[in-house]
Amino acid sequence: MKYTTQFLLSAMAAEQFPAPESLRNAPEIAFLGRSNVGKSSLLNALAGEKAAKVSSTPGRTRAINFFALLDERQRAKLVFADLPGYGYAKISKSISAEWPKFIEPYLAERETLALCVCLIDSNVPQQDRDRQLIDWMRHMGRAFVVVATKVDRLSGNERTRNMAALKKGLGVEEILAVSAKTGSGIGALWARIEATNSDR
């Protein structure tokens, strides 16, 4: 299905999250990952338009940005939540300390959150912060999918080798390999998102 994307709001506190009732309780898909993992580029590839701003400075996003995906009758069918990146050293500690105050309540308590898309860079070895995020998802009982970005930068052999190492390092059986640049894997990720939508 073809959607149009509508920016809703940026939230830096739980009380600012959009009311699910106003969006017909549309299932929400949260996108998480380290800064500079290519999250904004992937969101734009999924939406088919410039929905998320791609910053030249990693870690610039400091709020949860909500986007509604509307059907042909302008009804919200899905909501994308673009969460701040983590692990970027140049972000001040004072800002980083503020993030859990609204990020953790969103991930732990948001009733309409249907799927967490955990992004990792296919060109970078397994990172402790990524493993911690996945372990936290399991602990909270959240549905999640691990997506490896920037696979266009890898040869076929490199891709096979890196995916195997990442699966082992992160303790997961499946990783979806995608490229926002070439569109590779975008259809498979959309299928996972749509399946989440149809299950609700």
# chains A, B, ... in the order shown; residues from 1 in each chain; ligands from 1
>>> select_by_dssp(residues="segment 12-43 of chain A", states="alpha helix (DSSP H)", output="number ranges by chain")
A: 39-43
>>> select_by_dssp(residues="segment 110-190 of chain A", states="strand (DSSP E)", output="number ranges by chain")
A: 113-121, 144-149, 176-177
>>> closest_atom_pairs(of="segment 72-149 of chain A", to="segment 2-24 of chain A", cutoff="7 Å", atoms="only C-alpha atoms", output="JSON lines")
{"residue": "A:Ala76", "atom": "CA", "partner": "A:Leu23", "partner_atom": "CA", "distance": 5.7}
{"residue": "A:Phe102", "atom": "CA", "partner": "A:Ala13", "partner_atom": "CA", "distance": 5.0}
{"residue": "A:Pro105", "atom": "CA", "partner": "A:Ala14", "partner_atom": "CA", "distance": 6.9}
{"residue": "A:Tyr106", "atom": "CA", "partner": "A:Ala14", "partner_atom": "CA", "distance": 6.9}
{"residue": "A:Thr112", "atom": "CA", "partner": "A:Pro20", "partner_atom": "CA", "distance": 7.0}
>>> write_last_selection(atoms="N, CA, C and O atoms", output="short mmCIF file (atom, residue, chain, number, x, y, z; two decimals), in the first residue's frame")
data_model
loop_
_atom_site.label_atom_id
_atom_site.label_comp_id
_atom_site.auth_asym_id
_atom_site.auth_seq_id
_atom_site.Cartn_x
_atom_site.Cartn_y
_atom_site.Cartn_z
N ALA A 76 -4.68 7.53 9.49
CA ALA A 76 -3.40 7.01 9.98
C ALA A 76 -3.45 5.48 10.05
O ALA A 76 -4.31 4.91 10.72
N PHE A 102 12.45 10.34 28.92
CA PHE A 102 11.29 10.20 28.03
C PHE A 102 11.42 9.03 27.06
O PHE A 102 10.42 8.54 26.55
N PRO A 105 10.32 5.56 29.22
CA PRO A 105 8.86 5.44 29.36
C PRO A 105 8.17 5.11 28.05
O PRO A 105 7.21 4.33 28.02
N TYR A 106 8.68 5.67 26.96
CA TYR A 106 8.07 5.37 25.66
C TYR A 106 8.24 3.89 25.32
O TYR A 106 7.28 3.19 24.98
N THR A 112 0.68 1.43 22.15
CA THR A 112 0.54 1.27 20.69
C THR A 112 1.87 0.93 20.01
O THR A 112 1.90 0.75 18.79
#
>>> closest_residue(among="A:Val146, A:Gly185, A:Ala177, A:Asn25", to="Arg75 of chain A", atoms="only C-alpha atoms")
A:Asn25
>>> closest_residue(among="A:Lys167, A:Phe67, A:Ile193, A:Ala188", to="Asn44 of chain A", atoms="only C-alpha atoms")
A:Phe67
>>> closest_residue(among="A:Pro27, A:Gly156, A:Pro125, A:Gly187", to="Ala81 of chain A", atoms="only C-alpha atoms")
A:Pro27
